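Shown next, in structure tokens, is the structure this report addresses.
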Amino acid sequence: RGVDRRRHRVRGGRWNESRSNPFEGSPRRPRAVRPVSRHGSTGRALFPEEGSIPSAVEERSCDAGLGAMSAPSPPPPRPPLPPPGVDQSAWPAPPKCPGSALCDASGADMKREAPKVFDVVFHTTTGDVRVRAWRDLAPAGADRLYNLARLGYYDASPLYRVLPGFVAQFGVAADPSVSAVYDWRRNSPGAILPDEPNHASSSGNAKHWISYSASYDAATGRATNRTAELFINLADNTDRLDAKGFAAFAKVVDGVKAVDGWFAGYGEMRGACHLHGGGGGWVCD
């Protein structure tokens with residue numbers, strides 16, 4: 001799949017209110033098309049392009065979905081398993097449908113309003129990562145993160161795209177029954193968030209700021225159809241991504257060393273379409 005799902009998993013996120021000042025200091029998702037092979041997928045990627053892009057933390061070589069992919073390179077050696085000090089046996093089992101409030105994206109549990117400022121702590125195999133979100137910067141996006149983390153959506157969710165100098169991406173639920181609810185192509189009631197512009201007071205997609213990944217609107221070239229997948233900017237991508245509609249609303253405020261420790265040896269998104277369920281037959285475009 002181009003990604004070792006055992007390598008980096010997360011225990012999930014827990015939120016805490018915070019009163020810090022928020023003003024201190026193309027990822028895109030695949031779409032389904034005709035299968036091209038029994039054994040894998042090939043094509044172009046609906047993600048922010050790489051220049052010359054993570055219970056979060058939480059993926060083929062392409063050019064912003066504008067050109068054909070190059071031939072896949074041989075996979076790197078399998079990375080080591082998580083360090084012995086990380087006892088994943090104590091991590092909660094990921095939620096499933098039915099049986100979780102996550103199964104109804106339009107339900108009351110998924111519509112709770114987030115605090116104006118709140119923290120989510122992602123427990124990962126390289127350490128804890130604390131993310132702070134500001135609701136004023138993107139109310140719908142902040143409310144979604146608050147409820148997803150609160151209900152365990154990101155538990156055991158793998159990192160599936162780590163590109164040094166660009167982004168780290170995550171947010172496909174570990175259980176396919178849950179991830180299917182937030183697959184924008186299914187258009188489940190309440191799953192797709194309304195588009196939100198970049199807030200005038202936002203730092204944009206600066207280093208360590210977080211936005212939702214999205215598909216691109218063919219007519220406008222802007223990000224749309226946000227649901228649950230997120231990316232952390234590993235560099236200042238304001239010039240590259242702000243104009244495309246990726247509205248940053250949260251930031252890594254602690255745990256940068258853990259983020260820097262995420263395995264990046266797989267490069268671009270070869271095979272990562274399979275993470276989105278559906279049993280294969282995907283081409284990323």
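Chain lettering (A, B, ...) mirrors the order of the structure tokens, residue numbering begins at 1 for each chain separately, and ligand numbering begins at 1 in order of display.
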
Requested in this report: Extract, using only C-alpha atoms, all DNA, RNA and protein residues at most 7 Å from Arg226 of chain A, discarding same-chain residues fewer than 3 positions from it, and format them as an MDAnalysis selection string.
Outcome: chainID A and resid 192:193 212:214

Just N, CA and C atoms for this one: save the residues we selected as a CSV table (one decimal), in the first residue's frame.
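After the write, out_28.csv holds the following:
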chain,number,residue,atom,x,y,z
A,192,ILE,N,-20.1,16.2,4.8
A,192,ILE,CA,-19.3,17.2,4.1
A,192,ILE,C,-19.5,18.6,4.7
A,193,LEU,N,-18.4,19.2,5.1
A,193,LEU,CA,-18.5,20.5,5.7
A,193,LEU,C,-18.6,21.6,4.7
A,212,TYR,N,-7.9,21.1,6.8
A,212,TYR,CA,-8.5,19.9,6.3
A,212,TYR,C,-8.0,19.6,4.9
A,213,SER,N,-7.7,18.3,4.6
A,213,SER,CA,-7.5,18.0,3.2
A,213,SER,C,-8.8,18.0,2.5
A,214,ALA,N,-8.8,18.0,1.2
A,214,ALA,CA,-10.0,18.2,0.4
A,214,ALA,C,-9.9,17.7,-1.0

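Every protein or nucleic acid residue with an atom no more than 9 Å from Val181 of chain A, counting only C-alpha atoms and leaving out same-chain residues fewer than 4 positions away, appears here: Leu102, Cys103, Asp104, Ala105, Pro176, Ser177, Arg186, Asn187, Ser188, Pro189 and Ala191 of chain A.
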
Report task. Identify which of the residues A:His199, A:Lys207, A:Arg185, A:Arg150 lies closest to Phe122 of chain A, counting only C-alpha atoms when measuring atom-to-atom distances. Result -> A:Arg150

Query raised in the report: Which polymer residues have any atom within 12 Å of an atom of Ala235 of chain A, counting only C-alpha atoms, with same-chain residues fewer than 2 positions away left out, as an NGL selection string?
Result: :A and (50-51 or 53 or 163-168 or 204-210 or 231-233 or 237-241 or 260)

Serialized selection, C-alpha atoms, as a PDB file, in the first residue's frame:
ATOM      1  CA  GLU A  50       4.754  18.738  -3.726  1.00  0.00           C
ATOM      2  CA  GLY A  51       6.824  21.722  -4.900  1.00  0.00           C
ATOM      3  CA  ILE A  53       2.295  17.613   0.526  1.00  0.00           C
ATOM      4  CA  LEU A 163       6.510  14.609   2.933  1.00  0.00           C
ATOM      5  CA  PRO A 164       9.326  16.495   4.685  1.00  0.00           C
ATOM      6  CA  GLY A 165       9.244  20.158   3.778  1.00  0.00           C
ATOM      7  CA  PHE A 166       5.595  19.961   2.804  1.00  0.00           C
ATOM      8  CA  VAL A 167       2.886  18.193   4.858  1.00  0.00           C
ATOM      9  CA  ALA A 168       1.973  15.246   7.075  1.00  0.00           C
ATOM     10  CA  GLY A 204      -2.690  30.583   6.955  1.00  0.00           C
ATOM     11  CA  ASN A 205      -0.838  27.422   6.084  1.00  0.00           C
ATOM     12  CA  ALA A 206       2.295  28.454   7.908  1.00  0.00           C
ATOM     13  CA  LYS A 207       4.616  25.878   9.438  1.00  0.00           C
ATOM     14  CA  HIS A 208       2.876  23.596  11.972  1.00  0.00           C
ATOM     15  CA  TRP A 209      -0.577  25.002  11.167  1.00  0.00           C
ATOM     16  CA  ILE A 210      -3.328  22.533  10.309  1.00  0.00           C
ATOM     17  CA  PHE A 231      -2.737  17.818   7.278  1.00  0.00           C
ATOM     18  CA  ILE A 232      -0.001  19.487   9.280  1.00  0.00           C
ATOM     19  CA  ASN A 233       2.135  21.924   7.332  1.00  0.00           C
ATOM     20  CA  ASN A 237       2.994  26.711   2.619  1.00  0.00           C
ATOM     21  CA  THR A 238       1.039  29.961   2.714  1.00  0.00           C
ATOM     22  CA  ASP A 239       1.946  30.948  -0.837  1.00  0.00           C
ATOM     23  CA  ARG A 240       1.216  27.475  -2.150  1.00  0.00           C
ATOM     24  CA  LEU A 241      -2.010  26.554  -0.367  1.00  0.00           C
ATOM     25  CA  ASP A 260       9.645  15.237  13.142  1.00  0.00           C
TER      26      ASP A 260
END

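The shortest atom-to-atom distance to Val259 of chain A, with only C-alpha atoms taken into account, belongs to A:Val129 out of A:Leu148, A:Ala200, A:Val129, A:Ala156.
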